[in-house]
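For reference, protein29.cif is printed below; it contains mmCIF, C-alpha atoms.
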data_my_file
loop_
_atom_site.label_atom_id
_atom_site.label_comp_id
_atom_site.auth_asym_id
_atom_site.auth_seq_id
_atom_site.Cartn_x
_atom_site.Cartn_y
_atom_site.Cartn_z
CA MET A 1 0.00 0.00 0.00
CA SER A 2 1.37 3.43 -0.96
CA LEU A 3 2.08 6.24 1.49
CA ILE A 4 -0.70 8.33 -0.05
CA GLU A 5 -3.20 5.53 0.52
CA ASN A 6 -2.11 5.18 4.14
CA ILE A 7 -2.63 8.91 4.69
CA LEU A 8 -6.03 8.75 2.98
CA LYS A 9 -7.20 5.90 5.21
CA LYS A 10 -5.93 7.39 8.46
CA VAL A 11 -6.54 11.12 7.94
CA VAL A 12 -8.81 11.98 4.99
CA LEU A 13 -11.28 9.13 4.60
CA GLN A 14 -13.86 7.68 6.97
CA ASP A 15 -14.48 3.95 7.24
CA ALA A 16 -17.66 1.90 6.96
CA ILE A 17 -18.64 -1.75 6.88
CA ILE A 18 -20.61 -3.39 4.08
CA THR A 19 -23.58 -4.85 5.95
CA ARG A 20 -25.75 -5.87 3.02
CA LYS A 21 -25.33 -6.63 -0.68
CA GLU A 22 -28.30 -7.34 -2.93
CA GLN A 23 -28.58 -7.71 -6.70
CA LEU A 24 -31.57 -5.63 -7.80
CA THR A 25 -31.43 -6.30 -11.54
CA ALA A 26 -29.07 -8.02 -13.96
CA SER A 27 -26.74 -5.01 -13.83
CA VAL A 28 -27.49 -3.16 -10.56
CA TYR A 29 -26.45 -3.95 -6.99
CA LYS A 30 -27.65 -2.39 -3.75
CA ILE A 31 -24.86 -1.89 -1.21
CA THR A 32 -25.55 -0.90 2.42
CA LEU A 33 -22.76 0.79 4.39
CA GLN A 34 -22.77 1.14 8.19
CA SER A 35 -20.69 3.66 10.11
CA GLU A 36 -20.97 5.63 13.34
CA SER A 37 -19.80 8.72 11.43
CA ILE A 38 -22.96 8.63 9.29
CA LYS A 39 -25.01 9.47 12.39
CA THR A 40 -23.36 12.88 12.78
CA ALA A 41 -22.83 13.79 9.12
CA SER A 42 -24.23 17.01 7.70
CA PHE A 43 -26.35 15.56 4.90
CA GLN A 44 -28.58 16.95 2.17
CA PRO A 45 -30.48 14.92 -0.45
CA GLY A 46 -28.27 14.95 -3.52
CA TYR A 47 -24.96 14.24 -1.78
CA PHE A 48 -22.50 11.79 -3.30
CA LEU A 49 -20.02 9.44 -1.71
CA ARG A 50 -16.39 9.37 -2.80
CA LEU A 51 -15.66 5.70 -2.29
CA GLY A 52 -12.16 4.27 -2.22
CA ILE A 53 -12.07 0.85 -3.87
CA VAL A 54 -9.30 -1.75 -4.17
CA ILE A 55 -7.24 0.25 -1.66
CA GLY A 56 -3.90 -1.52 -1.32
CA ASN A 57 -3.85 -2.95 -4.83
CA ASP A 58 -0.69 -1.48 -6.33
CA ASP A 59 -1.58 -2.79 -9.79
CA VAL A 60 -4.37 -0.19 -10.05
CA SER A 61 -3.60 3.50 -10.60
CA PHE A 62 -4.65 5.93 -7.87
CA LYS A 63 -7.23 7.75 -10.01
CA ASP A 64 -8.97 4.45 -10.66
CA LYS A 65 -9.31 3.70 -6.94
CA VAL A 66 -11.87 6.44 -6.25
CA ARG A 67 -15.44 6.38 -7.54
CA SER A 68 -18.36 8.73 -6.86
CA TYR A 69 -21.73 7.17 -6.12
CA SER A 70 -25.08 8.80 -5.37
CA ILE A 71 -26.52 8.24 -1.93
CA TRP A 72 -29.82 6.51 -2.62
CA ASP A 73 -31.09 6.43 0.96
CA ILE A 74 -29.79 7.24 4.42
CA ASN A 75 -30.83 6.51 7.99
CA GLN A 76 -28.76 8.69 10.26
CA ASN A 77 -30.42 7.46 13.45
CA LYS A 78 -29.16 3.94 12.73
CA GLY A 79 -25.99 5.06 10.93
CA TYR A 80 -26.35 3.47 7.52
CA LEU A 81 -26.76 4.48 3.88
CA ASP A 82 -27.63 2.69 0.65
CA LEU A 83 -25.99 2.92 -2.77
CA ALA A 84 -27.30 1.54 -6.06
CA ILE A 85 -24.36 0.76 -8.34
CA ALA A 86 -24.75 -0.12 -12.02
CA THR A 87 -22.26 -2.57 -13.50
CA ASP A 88 -23.01 -2.29 -17.22
CA SER A 89 -19.79 -0.34 -17.87
CA ASN A 90 -17.77 -3.37 -16.70
CA GLY A 91 -15.06 -1.04 -15.40
CA ILE A 92 -13.09 -1.33 -12.18
CA GLY A 93 -16.00 0.00 -10.12
CA SER A 94 -18.30 -2.58 -11.67
CA GLN A 95 -15.83 -5.35 -10.92
CA TRP A 96 -15.45 -4.15 -7.35
CA VAL A 97 -19.18 -4.18 -6.60
CA LYS A 98 -19.58 -7.63 -8.14
CA ASN A 99 -16.79 -9.03 -5.97
CA CYS A 100 -17.18 -7.13 -2.69
CA GLU A 101 -18.54 -9.05 0.29
CA VAL A 102 -20.57 -8.32 3.40
CA GLY A 103 -18.23 -7.58 6.32
CA GLU A 104 -15.61 -5.78 4.26
CA THR A 105 -14.34 -2.36 5.35
CA VAL A 106 -14.53 0.46 2.82
CA TYR A 107 -13.27 4.03 2.95
CA PHE A 108 -15.25 7.08 1.91
CA LYS A 109 -15.60 10.84 1.90
CA TRP A 110 -18.73 12.95 1.53
CA LYS A 111 -19.08 14.93 -1.69
CA LYS A 112 -21.66 17.71 -1.68
CA GLY A 113 -21.55 19.05 -5.23
CA ASN A 114 -24.30 21.22 -6.69
CA PHE A 115 -26.82 18.60 -7.80
CA LEU A 116 -28.87 18.97 -4.62
CA LEU A 117 -32.54 19.11 -3.74
CA ASP A 118 -34.15 22.47 -4.50
CA ASP A 119 -37.73 22.52 -3.23
CA THR A 120 -38.56 26.09 -4.27
CA ALA A 121 -40.38 25.20 -7.53
CA ASP A 122 -44.00 24.17 -8.11
CA SER A 123 -43.21 21.49 -10.68
CA TYR A 124 -40.22 19.37 -11.67
CA LEU A 125 -38.98 17.45 -14.67
CA MET A 126 -36.55 14.60 -13.92
CA ILE A 127 -34.46 13.28 -16.82
CA GLY A 128 -31.81 10.61 -16.49
CA ASP A 129 -30.48 7.16 -17.32
CA LEU A 130 -29.83 4.07 -15.22
CA CYS A 131 -26.73 5.52 -13.52
CA ALA A 132 -28.71 8.56 -12.36
CA LEU A 133 -31.83 6.74 -11.20
CA SER A 134 -31.02 6.41 -7.49
CA HIS A 135 -30.04 10.10 -7.36
CA LEU A 136 -33.32 11.19 -8.94
CA TYR A 137 -35.18 8.87 -6.58
CA ILE A 138 -33.82 10.50 -3.42
CA LEU A 139 -34.52 13.99 -4.78
CA ASN A 140 -38.08 13.05 -5.69
CA ARG A 141 -38.69 11.27 -2.37
CA ASN A 142 -37.74 14.39 -0.43
CA LEU A 143 -40.05 16.74 -2.32
CA SER A 144 -43.34 17.54 -0.63
CA SER A 145 -46.40 15.71 -1.94
CA SER A 146 -47.81 18.98 -3.27
CA LYS A 147 -45.08 19.22 -5.92
CA GLN A 148 -45.80 18.13 -9.50
CA VAL A 149 -43.20 15.77 -10.98
CA GLU A 150 -42.86 14.67 -14.62
CA SER A 151 -40.09 12.36 -15.72
CA ILE A 152 -38.13 10.71 -18.50
CA VAL A 153 -35.97 7.90 -17.14
CA TYR A 154 -34.49 5.62 -19.76
CA SER A 155 -32.38 2.58 -20.48
CA SER A 156 -31.79 0.34 -23.45
CA ASP A 157 -33.12 -2.49 -21.26
CA LEU A 158 -36.20 -1.60 -19.21
CA SER A 159 -35.60 -4.54 -16.87
CA ASP A 160 -32.50 -2.76 -15.52
CA LEU A 161 -34.57 0.15 -14.16
CA PHE A 162 -35.10 -0.81 -10.54
CA LYS A 163 -37.77 0.29 -8.06
CA ASP A 164 -37.16 2.96 -5.43
CA ILE A 165 -36.14 2.05 -1.90
CA ASP A 166 -39.82 1.99 -0.82
CA ASN A 167 -40.66 -0.42 -3.67
CA SER A 168 -42.44 2.29 -5.69
CA LYS A 169 -41.95 3.33 -9.32
CA PRO A 170 -42.72 7.07 -9.34
CA PHE A 171 -41.07 7.79 -12.70
CA ASP A 172 -42.01 7.11 -16.31
CA PHE A 173 -39.59 4.56 -17.78
CA TYR A 174 -38.64 4.44 -21.48
CA SER A 175 -36.63 2.08 -23.62
CA VAL A 176 -34.06 4.40 -25.18
CA LYS A 177 -30.61 3.53 -26.48
CA GLU A 178 -27.46 5.16 -25.13
CA ASN A 179 -27.02 8.75 -26.34
CA ALA A 180 -30.32 8.63 -28.28
CA ILE A 181 -30.83 12.38 -27.90
CA ALA A 182 -33.38 12.57 -30.72
CA GLU A 183 -35.65 10.11 -28.93
CA ILE A 184 -35.47 12.11 -25.72
CA PHE A 185 -36.25 15.34 -27.59
CA HIS A 186 -39.30 13.61 -29.05
CA LEU A 187 -40.62 12.92 -25.53
CA LEU A 188 -39.95 16.40 -24.12
CA PRO A 189 -42.81 18.57 -25.53
CA GLU A 190 -45.55 16.48 -23.91
CA LYS A 191 -43.76 16.52 -20.56
CA ILE A 192 -43.00 20.24 -20.63
CA ALA A 193 -46.59 21.10 -21.57
CA LYS A 194 -47.79 19.52 -18.31
CA LEU A 195 -45.55 21.61 -16.06
CA LYS A 196 -47.26 24.36 -14.06
CA GLY A 197 -46.01 27.37 -12.15
CA ASN A 198 -42.33 27.74 -11.36
CA THR A 199 -40.39 24.83 -12.81
CA ILE A 200 -37.02 23.13 -12.36
CA VAL A 201 -35.49 20.42 -14.53
CA TYR A 202 -32.93 17.90 -13.27
CA ILE A 203 -30.83 16.33 -16.04
CA ALA A 204 -28.34 13.59 -15.17
CA GLY A 205 -26.38 10.71 -16.65
CA ASP A 206 -24.62 10.63 -20.01
CA SER A 207 -22.58 13.83 -20.41
CA ARG A 208 -23.56 14.13 -24.07
CA VAL A 209 -27.25 14.15 -23.17
CA CYS A 210 -26.65 16.64 -20.37
CA VAL A 211 -24.92 19.08 -22.73
CA ALA A 212 -27.58 18.79 -25.45
CA LEU A 213 -30.51 19.23 -23.07
CA ASN A 214 -28.89 22.07 -21.15
CA HIS A 215 -28.47 23.92 -24.43
CA TYR A 216 -32.08 23.17 -25.42
CA PHE A 217 -33.61 24.50 -22.20
CA ARG A 218 -31.40 27.60 -22.15
CA MET A 219 -31.29 28.54 -25.82
CA GLU A 220 -34.50 27.13 -27.28
CA LEU A 221 -36.88 27.48 -24.33
CA ASN A 222 -35.12 30.46 -22.71
CA TRP A 223 -35.23 28.97 -19.24
CA ASN A 224 -33.20 30.71 -16.55
CA THR A 225 -30.01 28.87 -15.64
CA LYS A 226 -31.26 28.55 -12.04
CA GLN A 227 -34.10 26.38 -13.35
CA ILE A 228 -31.71 23.91 -14.98
CA LYS A 229 -29.79 21.44 -12.82
CA THR A 230 -27.37 19.19 -14.72
CA LYS A 231 -24.97 16.50 -13.59
CA PRO A 232 -22.93 14.38 -16.02
CA PHE A 233 -22.51 11.07 -14.21
CA TRP A 234 -20.37 9.51 -16.88
CA ASN A 235 -18.55 10.19 -20.12
CA PRO A 236 -17.75 7.39 -22.59
CA ASP A 237 -14.25 8.81 -23.06
CA LYS A 238 -13.35 9.17 -19.38
CA LYS A 239 -13.06 7.05 -16.26
CA GLY A 240 -12.40 7.46 -12.55
CA LEU A 241 -11.13 10.91 -11.60
CA GLU A 242 -10.08 11.90 -15.11
#
Could you spell out this file's structure in structure tokens?
Amino acid sequence: MSLIENILKKVVLQDAIITRKEQLTASVYKITLQSESIKTASFQPGYFLRLGIVIGNDDVSFKDKVRSYSIWDINQNKGYLDLAIATDSNGIGSQWVKNCEVGETVYFKWKKGNFLLDDTADSYLMIGDLCALSHLYILNRNLSSSKQVESIVYSSDLSDLFKDIDNSKPFDFYSVKENAIAEIFHLLPEKIAKLKGNTIVYIAGDSRVCVALNHYFRMELNWNTKQIKTKPFWNPDKKGLE
């Protein structure tokens, strides 16, 4: 193990134990992490976890040992949180979640970011792919019941789109191929027409889709930038902390 990794473990990162592992679909696993530090964390819906994986494996570069995952659910009274991790990329993170076992210690750091819950609007449009689903779920679950929510959540395989933590399916699911921006644009007018009052759109997942839709809402629909929340979860040309 490198000196940097030792410092990370002892000074920078917090530790947690994997207490549950469940395969939700053919390509998605639910991982539950338990830690006393979770009880006292300053948390907002929309936080990520910087998770150190394969710490101690000198055959893996440092940038590949850190992955960001959305926090799908959290119980601070009991000190645990849930992640939903997709494995369709078959990268090092995918291999880790397939092979990790209950009882293992993992190391993490909170990541706030800007893709947080904003409950100031009257209506919301949630757009994202499989990798963004758990993040959109926790945002939606923490909105008051009076809020209107429309959605476009997509995957090339509908069976990969898992239910929320409470076993509900609050979003509209669509079979759409990766980076099929034209298909998403085809679905948008009907969704947008239903929105009432002050509106906010959350767009997450494939970076190419995020860029195209951000441009559409700003330049074509003239939405204010404060109404548009975007978060590229992945880029086909990048990995890890690149």
CA of Asp206 (chain A) and CA of Asp129 (chain A) are how many Å apart?
7.3 Å
Using only C-alpha atoms, can you tell me which of A:Trp234, A:Tyr202, A:Tyr154, A:Phe162 comes closest to Tyr69 (chain A)?
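Closest candidate: A:Trp234.
For the residues A:Thr230, A:Ser27, A:Thr32, A:Gln76, ranking by smallest atom-to-atom distance to Ser207 (chain A) using all atoms listed in the file places A:Thr230 first.
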Contacts of region 174-179 of chain A at 8 Å (all atoms listed in the file; same-chain gap of 2+ positions) as an MDAnalysis selection string:
chainID A and resid 152:158 172 181 183:184 206 208:209
Proximity to Asp166 (chain A) - best of A:Ile31, A:Ile138, A:Ala182, A:Leu130, all atoms listed in the file
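Among the listed residues, A:Ile138 lies closest to Asp166 (chain A).
Near Arg141 (chain A), within a cut-off of 12 Å and counting all atoms listed in the file, sit the residues Pro45, Gly46, Trp72, Asp73, Ile74, Leu117, Asp119, Ser134, His135, Lys147, Val149, Asp164, Ile165, Asp166, Asn167, Ser168, Lys169, Pro170 and Phe171 of chain A, with same-chain residues fewer than 6 positions away left out.
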For Met126 (chain A), work out the shell of residues within 7 Å, counting all atoms listed in the file and skipping chain neighbours fewer than 6 positions away, then give it as a list of chain:residue names.
A:Leu136, A:Glu150, A:Ser151, A:Ile152, A:Val201, A:Tyr202, A:Ile203
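Using all atoms listed in the file, the shortest contact distance between Asn77 (chain A) and any of A:Val28, A:Gln34, A:Met219, A:Lys196 is found at A:Gln34.
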Given the file shown, determine the residues that the PyMOL selection byres ((chain A and resi 37) around 10) selects; report them as an MDAnalysis selection string.
chainID A and resid 14:16 34:36 38:41 76 79:80
Just so the selection is clear, what residues does the PyMOL selection byres ((chain A and resi 68) around 6) cover here, as a PyMOL selection string?
chain A and resi 49-50+67+69
Give me, please, the distance in Å between CA of Lys111 (chain A) and CA of Tyr47 (chain A), quoted to one decimal.
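CA of Tyr47 (chain A) lies at a distance of 5.9 Å from CA of Lys111 (chain A).
What separates CA of Glu190 (chain A) from CA of Asp160 (chain A) is a distance of 24.7 Å.
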Could you expand the PyMOL selection byres ((chain A and resi 30) around 9) into the explicit residues it covers here, written as a PyMOL selection string?
chain A and resi 20-24+28-29+31-32+82-85
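Restricting the calculation to only C-alpha atoms, the smallest distance between Gly205 (chain A) and any of A:Phe217, A:Trp223, A:Phe115, A:Tyr124 is found for A:Phe115.
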Between A:Lys163, A:Pro189, A:Ile127, A:Asn99, single out the one closest to Asn214 (chain A), counting all atoms listed in the file.
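Nearest to Asn214 (chain A): A:Ile127.
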Using the file's own x, y and z axes, what box holds all listed atoms of region 140-146 of chain A with 8 Å on each side, keeping edges along x, y and z, and what are its centre and edge lengths in Å to one decimal, as AutoDock Vina command-line options?
--center_x -42.8 --center_y 15.1 --center_z -3.1 --size_x 26.1 --size_y 23.7 --size_z 21.3
List the spatial neighbours of Ala121 (chain A) as a JSON list (two decimals) with C-alpha atoms, in the coordinates of the input - criterion: any atom at most 8 Å away, only C-alpha atoms, same-chain residues fewer than 4 positions off excluded.
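To be explicit, this is the file written out as result-v6.json:
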[["chain", "number", "residue", "atom", "x", "y", "z"],
["A", 147, "LYS", "CA", -45.08, 19.22, -5.92],
["A", 197, "GLY", "CA", -46.01, 27.37, -12.15],
["A", 198, "ASN", "CA", -42.33, 27.74, -11.36],
["A", 199, "THR", "CA", -40.39, 24.83, -12.81],
["A", 200, "ILE", "CA", -37.02, 23.13, -12.36]]
